[in-house]
>>> print(open('model-v1.csv').read())   # CSV, C-alpha atoms and all ligand atoms
chain,number,residue,atom,x,y,z
A,1,MET,CA,0.0,0.0,0.0
A,2,LYS,CA,1.7,3.0,-1.2
A,3,PHE,CA,-0.5,5.9,-0.4
A,4,SER,CA,1.2,9.0,0.6
A,5,ALA,CA,-1.3,11.1,2.2
A,6,LYS,CA,-0.8,14.7,1.4
A,7,SER,CA,-2.8,17.1,3.5
A,8,THR,CA,-3.8,20.2,1.7
A,9,ALA,CA,-5.6,22.1,4.3
A,10,LEU,CA,-5.3,25.4,2.6
A,11,LEU,CA,-8.1,27.0,4.3
A,12,LEU,CA,-8.5,30.5,3.5
A,13,LEU,CA,-10.0,32.7,6.1
A,14,LEU,CA,-11.5,35.9,5.0
A,15,MET,CA,-11.3,38.2,7.9
A,16,GLY,CA,-13.6,41.0,8.6
A,17,CYS,CA,-14.5,43.6,6.0
A,18,GLY,CA,-11.1,43.9,4.6
A,19,GLY,CA,-11.1,40.6,2.9
A,20,VAL,CA,-7.7,39.7,4.2
A,21,GLU,CA,-6.9,36.2,3.1
A,22,THR,CA,-4.8,33.8,5.1
A,23,ASP,CA,-4.6,30.1,5.3
A,24,SER,CA,-7.0,28.2,7.3
A,25,THR,CA,-7.9,24.2,10.9
A,26,THR,CA,-7.4,25.2,18.0
A,27,ASP,CA,-6.4,26.6,23.4
A,28,ALA,CA,-7.7,29.0,20.9
A,29,VAL,CA,-7.0,32.1,18.9
A,30,ILE,CA,-10.1,34.2,18.4
A,31,ASP,CA,-10.9,37.2,16.2
A,32,ALA,CA,-12.0,39.6,18.9
A,33,ASP,CA,-13.5,41.8,16.2
A,34,ALA,CA,-15.4,39.1,14.4
A,35,THR,CA,-19.1,39.8,14.2
A,36,ARG,CA,-20.7,37.4,16.7
A,37,TRP,CA,-23.7,35.3,15.8
A,38,THR,CA,-26.8,36.7,17.4
A,39,ASN,CA,-27.7,33.5,19.0
A,40,PRO,CA,-24.8,31.0,19.3
A,41,ARG,CA,-27.2,28.4,20.7
A,42,LEU,CA,-28.9,28.4,17.3
A,43,ILE,CA,-26.8,29.1,14.3
A,44,PRO,CA,-28.4,28.8,10.9
A,45,ILE,CA,-26.7,26.7,8.3
A,46,CYS,CA,-27.7,25.6,4.8
A,47,PHE,CA,-26.1,23.9,1.8
A,48,VAL,CA,-25.5,25.4,-1.6
A,49,ASN,CA,-25.0,22.1,-3.3
A,50,ARG,CA,-26.1,19.4,-0.9
A,51,SER,CA,-26.6,16.9,-3.7
A,52,ALA,CA,-22.9,17.1,-4.7
A,53,VAL,CA,-22.0,14.5,-2.0
A,54,SER,CA,-23.3,11.1,-1.0
A,55,ASP,CA,-25.8,10.8,1.8
A,56,GLU,CA,-23.2,9.0,3.8
A,57,ILE,CA,-20.8,12.0,3.8
A,58,TYR,CA,-23.6,14.5,4.4
A,59,ARG,CA,-24.9,12.6,7.4
A,60,ASP,CA,-21.4,12.0,8.7
A,61,LEU,CA,-20.6,15.7,8.6
A,62,LEU,CA,-23.9,16.6,10.1
A,63,ARG,CA,-23.5,14.2,12.9
A,64,THR,CA,-19.9,15.3,13.5
A,65,ALA,CA,-20.7,19.0,13.6
A,66,VAL,CA,-23.8,18.6,15.7
A,67,ASN,CA,-22.2,16.4,18.3
A,68,GLU,CA,-19.0,18.3,18.6
A,69,TYR,CA,-20.4,21.8,18.7
A,70,ALA,CA,-23.0,20.7,21.1
A,71,ARG,CA,-20.1,20.2,23.6
A,72,ALA,CA,-19.6,23.9,23.5
A,73,GLY,CA,-23.4,24.6,23.7
A,74,VAL,CA,-23.6,25.6,20.1
A,75,TYR,CA,-26.4,24.2,18.0
A,76,PHE,CA,-27.5,24.6,14.4
A,77,GLN,CA,-30.8,25.3,12.8
A,78,LYS,CA,-32.1,24.7,9.3
A,79,TRP,CA,-29.5,22.3,8.0
A,80,ARG,CA,-31.1,22.1,4.6
A,81,ASP,CA,-30.6,23.3,1.0
A,82,CYS,CA,-30.1,27.0,0.8
A,83,ARG,CA,-33.1,28.8,-0.4
A,84,SER,CA,-33.1,32.1,-2.4
A,85,GLU,CA,-34.0,34.1,0.7
A,86,ASP,CA,-31.0,32.7,2.5
A,87,TYR,CA,-28.6,34.5,0.2
A,88,SER,CA,-29.4,37.9,1.7
A,89,LYS,CA,-29.3,36.8,5.4
A,90,PRO,CA,-26.5,35.9,7.8
A,91,ILE,CA,-26.4,32.2,7.6
A,92,ILE,CA,-23.5,29.7,7.1
A,93,ARG,CA,-23.9,28.7,3.5
A,94,VAL,CA,-21.8,25.6,2.8
A,95,LYS,CA,-20.5,24.5,-0.6
A,96,PHE,CA,-18.9,21.2,-1.3
A,97,LYS,CA,-16.1,21.6,-3.8
A,98,LEU,CA,-15.3,18.4,-5.5
A,99,GLY,CA,-11.6,18.5,-6.0
A,100,HIS,CA,-10.0,15.5,-4.4
A,101,ASN,CA,-10.0,12.0,-5.8
A,102,TRP,CA,-9.8,9.6,-2.9
A,103,ASP,CA,-10.0,6.5,-5.0
A,104,GLY,CA,-6.9,7.3,-7.0
A,105,ASN,CA,-4.0,4.9,-6.8
A,106,GLY,CA,-1.3,7.4,-6.1
A,107,SER,CA,-1.1,10.0,-3.5
A,108,TYR,CA,-4.3,11.4,-2.3
A,109,SER,CA,-5.3,14.6,-0.6
A,110,TYR,CA,-7.8,15.5,2.0
A,111,GLY,CA,-8.8,18.6,3.8
A,112,GLY,CA,-8.9,22.1,2.4
A,113,GLY,CA,-11.5,24.7,2.8
A,114,MET,CA,-12.3,28.3,3.4
A,115,SER,CA,-14.7,30.3,5.6
A,116,LYS,CA,-15.7,33.8,6.4
A,117,VAL,CA,-14.9,34.7,10.0
A,118,GLY,CA,-17.9,35.5,12.2
A,119,MET,CA,-21.5,36.2,11.3
A,120,THR,CA,-22.0,37.6,7.8
A,121,ARG,CA,-24.5,37.6,5.0
A,122,TYR,CA,-21.8,38.0,2.3
A,123,GLY,CA,-20.5,35.0,0.4
A,124,ILE,CA,-16.9,34.3,-0.5
A,125,GLN,CA,-16.2,35.9,-3.9
A,126,GLY,CA,-16.7,33.5,-6.8
A,127,GLU,CA,-18.2,30.7,-4.7
A,128,ASN,CA,-21.9,30.9,-5.6
A,129,GLY,CA,-22.8,32.7,-2.5
A,130,ALA,CA,-21.2,30.2,-0.2
A,131,THR,CA,-19.7,31.6,3.1
A,132,LEU,CA,-17.8,28.3,3.7
A,133,TRP,CA,-16.5,25.6,1.5
A,134,ILE,CA,-14.6,22.4,1.9
A,135,ARG,CA,-12.8,20.4,-0.7
A,136,MET,CA,-13.6,16.8,-1.0
A,137,ASP,CA,-14.8,13.9,-3.3
A,138,ASP,CA,-18.4,13.0,-3.7
A,139,HIS,CA,-18.0,9.8,-1.7
A,140,TYR,CA,-15.5,8.4,0.8
A,141,PRO,CA,-13.1,5.8,-0.5
A,142,TYR,CA,-14.8,2.5,-1.1
A,143,SER,CA,-11.9,0.4,-0.2
A,144,ASN,CA,-8.7,0.4,1.9
A,145,ARG,CA,-9.6,0.8,5.5
A,146,SER,CA,-6.7,3.0,6.5
A,147,LYS,CA,-7.1,5.4,3.6
A,148,ARG,CA,-10.9,5.5,4.2
A,149,LYS,CA,-10.3,6.2,7.8
A,150,THR,CA,-7.8,9.0,7.1
A,151,VAL,CA,-10.0,10.6,4.5
A,152,MET,CA,-13.0,10.5,6.8
A,153,ALA,CA,-11.0,12.0,9.7
A,154,GLY,CA,-9.5,14.7,7.5
A,155,THR,CA,-12.9,15.6,6.0
A,156,ARG,CA,-14.6,15.8,9.4
A,157,ALA,CA,-11.7,17.9,10.7
A,158,ALA,CA,-11.9,20.3,7.7
A,159,PHE,CA,-15.6,20.8,8.4
A,160,LEU,CA,-15.1,21.4,12.1
A,161,HIS,CA,-12.2,23.7,11.3
A,162,GLU,CA,-14.2,25.9,8.9
A,163,ILE,CA,-17.2,26.1,11.2
A,164,GLY,CA,-14.8,27.2,13.9
A,165,HIS,CA,-13.8,30.1,11.6
A,166,ALA,CA,-17.4,30.9,11.0
A,167,LEU,CA,-17.9,31.2,14.7
A,168,GLY,CA,-14.9,33.5,15.0
A,169,LEU,CA,-12.0,31.2,15.8
A,170,LEU,CA,-8.6,31.7,14.1
A,171,HIS,CA,-5.6,29.5,13.5
A,172,GLU,CA,-3.9,28.0,16.6
A,173,HIS,CA,-0.7,27.1,14.8
A,174,THR,CA,0.0,30.8,14.1
A,175,ARG,CA,0.4,31.7,17.7
A,176,THR,CA,3.8,33.1,18.3
A,177,ASP,CA,4.1,30.9,21.3
A,178,TYR,CA,3.0,27.7,19.5
A,179,ARG,CA,5.8,25.1,19.9
A,180,PRO,CA,4.5,21.7,19.0
A,181,ALA,CA,6.8,18.9,20.2
A,182,HIS,CA,5.9,16.4,17.6
A,183,GLY,CA,7.6,16.2,14.2
A,184,GLU,CA,4.7,16.8,11.9
A,185,CYS,CA,4.6,20.4,12.7
A,186,GLN,CA,7.9,21.8,14.0
A,187,ALA,CA,8.2,25.0,15.9
A,188,GLY,CA,8.3,28.0,13.5
A,189,ALA,CA,7.4,26.0,10.5
A,190,ASN,CA,3.9,27.2,10.3
A,191,HIS,CA,4.2,30.7,11.5
A,192,ALA,CA,3.8,32.4,8.2
A,193,ASN,CA,0.4,33.5,9.0
A,194,VAL,CA,0.9,35.1,12.3
A,195,TYR,CA,-1.9,37.6,12.7
A,196,GLU,CA,-0.7,41.1,12.6
A,197,ASN,CA,-4.0,42.6,13.4
A,198,SER,CA,-4.5,43.8,16.9
A,199,SER,CA,-8.0,42.3,17.3
A,200,VAL,CA,-6.6,38.8,17.7
A,201,ASP,CA,-6.7,37.4,21.2
A,202,TYR,CA,-5.1,34.2,22.5
A,203,VAL,CA,-7.2,32.3,24.9
A,204,GLY,CA,-5.2,30.2,27.3
A,205,ARG,CA,-2.0,28.4,26.5
A,206,PRO,CA,-1.2,27.0,23.1
A,207,ASP,CA,-3.4,24.0,22.3
A,208,TYR,CA,-1.8,21.2,20.5
A,209,ASP,CA,-5.1,19.3,20.2
A,210,SER,CA,-7.0,22.1,18.5
A,211,VAL,CA,-9.0,21.5,15.4
A,212,MET,CA,-7.9,25.0,14.4
A,213,SER,CA,-4.3,23.9,13.9
A,214,TYR,CA,-2.7,22.9,10.7
A,215,CYS,CA,-0.5,20.6,12.9
A,216,ASN,CA,-3.7,18.6,13.6
A,217,LEU,CA,-5.4,18.0,10.3
A,218,LYS,CA,-7.2,14.8,11.4
A,219,ALA,CA,-8.7,16.1,14.6
A,220,GLU,CA,-12.2,14.8,14.6
A,221,ARG,CA,-13.1,16.4,17.9
A,222,LEU,CA,-13.1,19.9,19.3
A,223,SER,CA,-10.4,20.2,22.0
A,224,ALA,CA,-11.0,21.7,25.4
A,225,GLY,CA,-9.2,24.8,24.1
A,226,ASP,CA,-11.5,25.1,21.1
A,227,ILE,CA,-14.4,25.1,23.4
A,228,ALA,CA,-12.7,27.7,25.6
A,229,GLY,CA,-12.2,29.9,22.6
A,230,ILE,CA,-15.9,29.6,21.6
A,231,ARG,CA,-16.9,30.5,25.1
A,232,ALA,CA,-14.6,33.5,25.1
A,233,LEU,CA,-16.3,34.6,21.9
A,234,TYR,CA,-19.8,33.9,23.3
A,235,PRO,CA,-19.8,34.4,27.1
A,236,VAL,CA,-23.5,33.5,27.1
A,237,LEU,CA,-22.4,29.9,26.5
A,238,LYS,CA,-20.6,29.8,29.8
A,239,ARG,CA,-23.9,29.5,31.5
A,240,TYR,CA,-24.7,26.6,29.4
B,301,ZN,ZN,-8.3,27.8,8.6
>>> encode(input="model-v1.csv", output="structure tokens")
Amino acid sequence: MKFSAKSTALLLLLMGCGGVETDSTTDAVIDADATRWTNPRLIPICFVNRSAVSDEIYRDLLRTAVNEYARAGVYFQKWRDCRSEDYSKPIIRVKFKLGHNWDGNGSYSYGGGMSKVGMTRYGIQGENGATLWIRMDDHYPYSNRSKRKTVMAGTRAAFLHEIGHALGLLHEHTRTDYRPAHGECQAGANHANVYENSSVDYVGRPDYDSVMSYCNLKAERLSAGDIAGIRALYPVLKRY
């Protein structure tokens, strides 16, 4: 089995009104200036092209997002195809971008996505009104247990990561004090995107389990730090 997994988690994060783009996967870094969702206990989400992926993937992502964000007290509403009226409202509009081929025989990729940061009604330019997209294939690999498992984990992680951005979380690995001990992501290697804007806050100590870190591209669960970051953004959830 010669599969060399290549993680392309190039998640662009469009920050605030300036449209600053940086790469995008979480103790947490938060965009203190992000527009907060009015009711973080009920965040609207819809799908631009739900039919692009298999029911299995859709249900898997739904279950993953619902179960994980529920741990932070965040729930979602709608969770259906986007309707015309949704394009003028603040709602997470998800687009599946079919770009990976997980059944290829050579190397394969997983991950990748982009999201607006915070509550917005405006879509990402050139993405059919989507405020969030993730790159994927239309189905999980049919064979090879380990590849399938990797792809599933990477896809779940990408979705959790992008929703994290949509809530107002930023990248953990770009903290200037981020010093992972493991080899995958050495100190300094991923610091290209250190936020220069003053509205970025670090919550707690660096979190090496964060779903918002590029050093952690197969994190299928929110870390305690991710949850702390969400609660810092939405103090009402602390009473949850
Ligand atoms: Zn990201």
>>> residues_around(input="model-v1.csv", residues="range 53-61 of chain A", least_positions_apart="5", cutoff="10 Å", atoms="all atoms listed in the file", output="list in words")
Val66, Asn67, Phe96, Lys97, Leu98, Met136, Asp137, Asp138, His139, Tyr140, Met152, Thr155, Arg156, Ala157, Ala158, Phe159 and Leu160 of chain A
>>> closest_residue(input="model-v1.csv", among="A:Ala166, A:Met114, A:Leu233, A:Met119", to="ligand ZN 301 (chain B)", atoms="all atoms listed in the file")
A:Met114
>>> residues_near_point(input="model-v1.csv", point="(-5.3, 30.7, 22.8)", cutoff="12 Å", atoms="all atoms listed in the file", output="PyMOL selection string")
chain A and resi 26-32+169-178+200-210+212-213+223-233
>>> atom_distance(input="model-v1.csv", atom1="CA of Leu222 in chain A", atom2="CA of Arg179 in chain A")
19.6 Å
>>> residues_around(input="model-v1.csv", residues="Glu68 in chain A", least_positions_apart="3", cutoff="9 Å", atoms="only C-alpha atoms", output="list in words")
Arg63, Thr64, Ala65, Arg71, Ala72, Val74, Leu160, Glu220, Arg221 and Leu222 of chain A
>>> closest_residue(input="model-v1.csv", among="A:Val94, A:Val151, A:Leu42, A:Ile134", to="ligand ZN 301 (chain B)", atoms="all atoms listed in the file")
A:Ile134
>>> atom_distance(input="model-v1.csv", atom1="CA of Ser143 in chain A", atom2="CA of Trp102 in chain A")
9.8 Å
>>> atom_distance(input="model-v1.csv", atom1="CA of His100 in chain A", atom2="CA of Asn216 in chain A")
19.3 Å
>>> closest_residue(input="model-v1.csv", among="A:Ala153, A:Leu237, A:Leu132, A:Ile92", to="Ala219 in chain A", atoms="all atoms listed in the file")
A:Ala153
>>> closest_residue(input="model-v1.csv", among="A:Pro141, A:Gly118, A:Gly112, A:Pro235", to="ligand ZN 301 (chain B)", atoms="only C-alpha atoms and all ligand atoms")
A:Gly112
